[in-house]
Amino acid sequence: MNTLEPTASPSLRRRLLGLVLAAIGAVTLLQATTTYRTALLEADKMFDYHLQEVARSVHGGVPFVPGNDDSEYSVQVWGPDGTTIYRSNGVRLPAQAVLGFSDTKVNGIRLRIYSLQTPEHTIQIAQDLDAREARARALAANAVLPALVLAPLLMLAVGWVISASLAPLTRMRRQVAARESTDLSPLAAEGVPQEVQPLVRELNALFGRVRETMEAQQHFVADAAHELRSPLTALKLQVQAAERARDEETRRAATAALAGGIERAIALVEQLLVLAREEGAMAALPAEDVDLEALARESVSELLPKAQARQQDLGLADSEPLSVRAVPDALRLLLRNLVDNAIKYTPAGGRIDIAMGRAEGAAWLAVEDSGPGIPEAERQRVFDRFYRVPGSEAPGSGLGLAIVKAIAERMGAQLSLGPSALGGLRAEIRFPAGA
């Protein structure tokens with residue numbers, strides 16, 4: 001079976017070094033080429049000027065001592081009648097002079113000639129082009145040499161600067177690599193480049209969210225274990241009571257109590273699973289336009305048999321049609337828990353209404369009942385997991401309102417409890433403006 005191997009991620013340091021060093025190399029090459037060509041041109045101009053100066057010195061009567069036969073210069077002077085007045089030991093120059101500069105070849109030797117004509121003389125100064133070009137190349141090479149020497153030094157300096165600039169990232173990588181899996185403390189941002197600080201802040205924020213999630217899970221597991229201990233202990237005692245029963249009637253009563261305990265344990269586990277799911281995957285579900293009236297009618301149809309069994313009046317209050325942007329399953333679970341909670345705590349013959357509307361641009365959904373209500377001092381505590389109002393006789397695990405609060409927070413809605421016009425409790429969900 002083929003497996004996908006992770007591709008090697010590019011190194012920022014190598015990429016920066018490669019790009020910068022390539023740029024330095026290209027600029028150095030361009031500079032060296034330009035400098036070399038410019039130096040050749042300048043050397044050529046300098047040598048031409050030197051030829052002119054030599055010709056002028058000969059014309060001015062400055063003594064000219066020719067070199068030996070290997071000299072790169074050759075001098076020849078004619079009189080007005082064309083007779084040779086002077087000729088150096090160098091190459092014999094052409095008898096017919098071309099005034100100014102000219103290039104020629106004599107006996108296989110390339111020459112650069114400058115001819116100057118005066119009323120008294122015709123002067124020719126020639127220079128060996130091969131020797132001239134060799135000297136020009138040497139001068140050009142000397143001009144290029146500093147750039148070629150400095151380029152590697154510049155590359156080393158740039159490499160050191162890049163490595164020093166990325167050192168904080170290397171330290172941060174080592175700091176994260178050395179951490180324990182449970183260490184979610186914030187990363188230190190001191191010395192981190194300004195461009196990387198937003199990433200550090202986002203990582204620290206992520207660590208904070210993960211830490212809160214882990215703490216919530218730890219509390220959840222601890223609370224769940226604590227709450228499950230009591231019903232499981234009760235089930236064990238009920239099993240023992242059924243085993244010790246001596247007559248059929250006692251055994252049936254023990255079996256019925258055992259079945260009831262199992263049902264309560266199942267309900268508790270289901271609510272625990274719902275709460276865990278709501279705090280996890282359900283938050284990632286896509287939001288849709290939800291018709292609140294249709295959703296309320298669906299909840300009434302689902303829970304009406306339970307309300308009728310307790311002789312309660314469950315229905316919809318007069319409300320305007322309304323829709324909100326929310327996750328349908330989450331909103332359905334929220335409303336079901338509110339209505340189920342109202343049915344559980346409202347006495348027989350009571351009334352439960354579902355209402356909805358819009359106020360100040362925000363939609364709201366409320367469940368009201370005619371039950372005993374919740375004392376004002378207890379209204380915030382009932383949102384805690386497994387908390388039940390002291391003295392409450394209705395069966396329950398204390399998770400219903402905790403689930404409702406978790407769903408409301410995920411949707412960005414506000415959950416509030418207050419007195420109802422029916423005499424009991426009013427639980428209201430106010431959705432964000434524009435939802």
# chains A, B, ... in the order shown; residues from 1 in each chain; ligands from 1

$ residues_around --residues "A:Asp183" --least-positions-apart "5" --cutoff "10 Å" --atoms "only C-alpha atoms" --output "VMD selection string"
chain A and resid 176 178 207 211

$ select_by_dssp --residues "stretch 57-269 of chain A" --states "helix (DSSP H, G or I)" --output "VMD selection string"
chain A and resid 57 to 59 129 to 177 197 to 244 248 to 269

$ residues_around --residues "A:Leu51" --least-positions-apart "4" --cutoff "9 Å" --atoms "only C-alpha atoms" --output "PDB file with N, CA and C atoms, in the first residue's frame"
ATOM      1  N   MET A  46      44.588  56.058 -22.248  1.00  0.00           N
ATOM      2  CA  MET A  46      45.835  56.495 -21.620  1.00  0.00           C
ATOM      3  C   MET A  46      47.032  56.212 -22.518  1.00  0.00           C
ATOM      4  N   PHE A  47      47.060  55.040 -23.142  1.00  0.00           N
ATOM      5  CA  PHE A  47      48.181  54.695 -24.015  1.00  0.00           C
ATOM      6  C   PHE A  47      48.198  55.577 -25.259  1.00  0.00           C
ATOM      7  N   ALA A  55      55.159  61.882 -29.188  1.00  0.00           N
ATOM      8  CA  ALA A  55      55.343  62.579 -30.467  1.00  0.00           C
ATOM      9  C   ALA A  55      55.594  64.061 -30.239  1.00  0.00           C
ATOM     10  N   ARG A  56      54.909  64.686 -29.305  1.00  0.00           N
ATOM     11  CA  ARG A  56      55.103  66.105 -29.042  1.00  0.00           C
ATOM     12  C   ARG A  56      56.490  66.370 -28.442  1.00  0.00           C
ATOM     13  N   TYR A  73      58.012  50.448 -28.157  1.00  0.00           N
ATOM     14  CA  TYR A  73      57.856  51.670 -28.939  1.00  0.00           C
ATOM     15  C   TYR A  73      58.850  51.673 -30.108  1.00  0.00           C
ATOM     16  N   ILE A 113      49.887  53.112 -34.316  1.00  0.00           N
ATOM     17  CA  ILE A 113      50.768  54.187 -34.787  1.00  0.00           C
ATOM     18  C   ILE A 113      50.065  55.524 -34.623  1.00  0.00           C
ATOM     19  N   TYR A 114      50.858  56.490 -34.143  1.00  0.00           N
ATOM     20  CA  TYR A 114      50.386  57.874 -34.126  1.00  0.00           C
ATOM     21  C   TYR A 114      51.367  58.711 -34.957  1.00  0.00           C
ATOM     22  N   ILE A 125      55.141  57.506 -34.147  1.00  0.00           N
ATOM     23  CA  ILE A 125      55.382  56.754 -32.917  1.00  0.00           C
ATOM     24  C   ILE A 125      54.505  55.504 -32.971  1.00  0.00           C
ATOM     25  N   ALA A 126      55.111  54.343 -32.849  1.00  0.00           N
ATOM     26  CA  ALA A 126      54.365  53.081 -32.924  1.00  0.00           C
ATOM     27  C   ALA A 126      54.522  52.312 -31.616  1.00  0.00           C
ATOM     28  N   GLN A 127      53.490  51.589 -31.274  1.00  0.00           N
ATOM     29  CA  GLN A 127      53.503  50.782 -30.044  1.00  0.00           C
ATOM     30  C   GLN A 127      53.020  49.379 -30.367  1.00  0.00           C
TER      31      GLN A 127
END

$ select_by_dssp --residues "stretch 167-367 of chain A" --states "strand (DSSP E)" --output "PDB file with C-alpha atoms, in the first residue's frame"
ATOM      1  CA  GLU A 288     -28.038  27.581   8.408  1.00  0.00           C
ATOM      2  CA  ASP A 289     -31.214  29.650   8.391  1.00  0.00           C
ATOM      3  CA  VAL A 290     -33.492  28.014  10.979  1.00  0.00           C
ATOM      4  CA  ASP A 291     -37.244  28.669  11.177  1.00  0.00           C
ATOM      5  CA  ASP A 313     -50.405  22.257  28.947  1.00  0.00           C
ATOM      6  CA  LEU A 314     -47.485  22.513  26.476  1.00  0.00           C
ATOM      7  CA  GLY A 315     -47.825  24.779  23.442  1.00  0.00           C
ATOM      8  CA  LEU A 316     -46.709  27.839  21.469  1.00  0.00           C
ATOM      9  CA  SER A 323     -35.755  32.683  11.519  1.00  0.00           C
ATOM     10  CA  VAL A 324     -32.167  32.878  12.770  1.00  0.00           C
ATOM     11  CA  ARG A 325     -28.756  31.824  11.537  1.00  0.00           C
ATOM     12  CA  ALA A 326     -27.633  28.864  13.644  1.00  0.00           C
ATOM     13  CA  ARG A 351     -48.517  25.287  31.828  1.00  0.00           C
ATOM     14  CA  ILE A 352     -45.455  25.594  29.566  1.00  0.00           C
ATOM     15  CA  ASP A 353     -45.230  28.063  26.675  1.00  0.00           C
ATOM     16  CA  ILE A 354     -42.653  28.569  23.924  1.00  0.00           C
ATOM     17  CA  ALA A 355     -42.445  32.151  22.617  1.00  0.00           C
ATOM     18  CA  MET A 356     -40.241  34.011  20.170  1.00  0.00           C
ATOM     19  CA  GLY A 357     -39.825  37.519  18.843  1.00  0.00           C
ATOM     20  CA  ARG A 358     -37.434  40.320  17.928  1.00  0.00           C
ATOM     21  CA  ALA A 359     -36.391  43.281  20.065  1.00  0.00           C
ATOM     22  CA  ALA A 362     -32.035  40.870  17.933  1.00  0.00           C
ATOM     23  CA  ALA A 363     -34.158  37.717  17.828  1.00  0.00           C
ATOM     24  CA  TRP A 364     -35.098  35.909  21.053  1.00  0.00           C
ATOM     25  CA  LEU A 365     -36.526  32.525  22.015  1.00  0.00           C
ATOM     26  CA  ALA A 366     -38.066  31.875  25.434  1.00  0.00           C
ATOM     27  CA  VAL A 367     -39.537  28.938  27.379  1.00  0.00           C
TER      28      VAL A 367
END

$ closest_residue --among "A:Ser185, A:Ser11, A:Ser102, A:Ser416" --to "A:Ser115" --atoms "only C-alpha atoms"
A:Ser102

$ closest_residue --among "A:Val161, A:Val404, A:Leu417, A:Ala257" --to "A:Leu334" --atoms "only C-alpha atoms"
A:Val404

$ closest_residue --among "A:Ala307, A:Leu145, A:Leu129, A:Ile343" --to "A:Gly108" --atoms "only C-alpha atoms"
A:Leu129

$ closest_residue --among "A:Glu215, A:Glu133, A:Leu16, A:Glu320" --to "A:Ala43" --atoms "only C-alpha atoms"
A:Glu133

$ closest_residue --among "A:Asp48, A:Ile24, A:Leu258, A:Pro80" --to "A:Leu154" --atoms "only C-alpha atoms"
A:Ile24

$ closest_residue --among "A:Gln238, A:Ser299, A:Val269, A:Arg87" --to "A:Ala256" --atoms "only C-alpha atoms"
A:Gln238

$ atom_distance --atom1 "atom CA of A:Arg430" --atom2 "atom CA of A:Gly412"
9.1 Å

$ residues_around --residues "stretch 424-426 of chain A" --least-positions-apart "2" --cutoff "7 Å" --atoms "only C-alpha atoms" --output "PyMOL selection string"
chain A and resi 366-374+417-420+422+428

$ write_last_selection --atoms "C-alpha atoms" --output "PDB file, in the first residue's frame"
ATOM      1  CA  ALA A 366     -38.066  31.875  25.434  1.00  0.00           C
ATOM      2  CA  VAL A 367     -39.537  28.938  27.379  1.00  0.00           C
ATOM      3  CA  GLU A 368     -41.845  29.864  30.298  1.00  0.00           C
ATOM      4  CA  ASP A 369     -43.508  27.650  32.864  1.00  0.00           C
ATOM      5  CA  SER A 370     -45.810  27.886  35.876  1.00  0.00           C
ATOM      6  CA  GLY A 371     -43.515  25.864  38.130  1.00  0.00           C
ATOM      7  CA  PRO A 372     -41.797  26.906  41.358  1.00  0.00           C
ATOM      8  CA  GLY A 373     -39.147  28.871  39.539  1.00  0.00           C
ATOM      9  CA  ILE A 374     -35.552  29.340  40.741  1.00  0.00           C
ATOM     10  CA  LEU A 417     -33.171  33.268  33.620  1.00  0.00           C
ATOM     11  CA  GLY A 418     -35.900  35.349  35.201  1.00  0.00           C
ATOM     12  CA  PRO A 419     -39.426  35.293  36.569  1.00  0.00           C
ATOM     13  CA  SER A 420     -42.193  34.286  34.176  1.00  0.00           C
ATOM     14  CA  LEU A 422     -46.974  32.347  34.252  1.00  0.00           C
ATOM     15  CA  GLU A 428     -34.606  33.285  27.326  1.00  0.00           C
TER      16      GLU A 428
END

$ decode --residues "stretch 15-30 of chain A" --atoms "N, CA and C atoms" --output "short mmCIF file (atom, residue, chain, number, x, y, z; two decimals), in the first residue's frame"
data_model
loop_
_atom_site.label_atom_id
_atom_site.label_comp_id
_atom_site.auth_asym_id
_atom_site.auth_seq_id
_atom_site.Cartn_x
_atom_site.Cartn_y
_atom_site.Cartn_z
N ARG A 15 16.92 29.53 2.19
CA ARG A 15 16.32 30.33 1.11
C ARG A 15 16.86 31.75 1.12
N LEU A 16 16.93 32.36 2.31
CA LEU A 16 17.47 33.71 2.39
C LEU A 16 18.94 33.74 1.96
N LEU A 17 19.72 32.78 2.47
CA LEU A 17 21.12 32.74 2.10
C LEU A 17 21.29 32.54 0.60
N GLY A 18 20.51 31.62 0.04
CA GLY A 18 20.62 31.36 -1.40
C GLY A 18 20.29 32.58 -2.22
N LEU A 19 19.16 33.26 -1.87
CA LEU A 19 18.75 34.43 -2.65
C LEU A 19 19.74 35.59 -2.50
N VAL A 20 20.16 35.86 -1.25
CA VAL A 20 21.06 36.99 -1.03
C VAL A 20 22.44 36.72 -1.64
N LEU A 21 22.96 35.51 -1.43
CA LEU A 21 24.27 35.19 -1.99
C LEU A 21 24.23 35.17 -3.51
N ALA A 22 23.14 34.68 -4.08
CA ALA A 22 23.01 34.72 -5.54
C ALA A 22 22.97 36.16 -6.04
N ALA A 23 22.25 37.03 -5.30
CA ALA A 23 22.20 38.44 -5.69
C ALA A 23 23.58 39.09 -5.60
N ILE A 24 24.31 38.77 -4.51
CA ILE A 24 25.67 39.33 -4.37
C ILE A 24 26.56 38.82 -5.49
N GLY A 25 26.47 37.53 -5.80
CA GLY A 25 27.28 36.97 -6.88
C GLY A 25 26.97 37.61 -8.22
N ALA A 26 25.67 37.79 -8.50
CA ALA A 26 25.28 38.40 -9.78
C ALA A 26 25.76 39.85 -9.87
N VAL A 27 25.57 40.59 -8.76
CA VAL A 27 26.00 42.00 -8.77
C VAL A 27 27.53 42.09 -8.88
N THR A 28 28.23 41.20 -8.18
CA THR A 28 29.70 41.21 -8.26
C THR A 28 30.17 40.90 -9.67
N LEU A 29 29.54 39.91 -10.31
CA LEU A 29 29.91 39.56 -11.68
C LEU A 29 29.64 40.72 -12.63
N LEU A 30 28.47 41.34 -12.46
CA LEU A 30 28.15 42.49 -13.32
C LEU A 30 29.12 43.64 -13.08
#
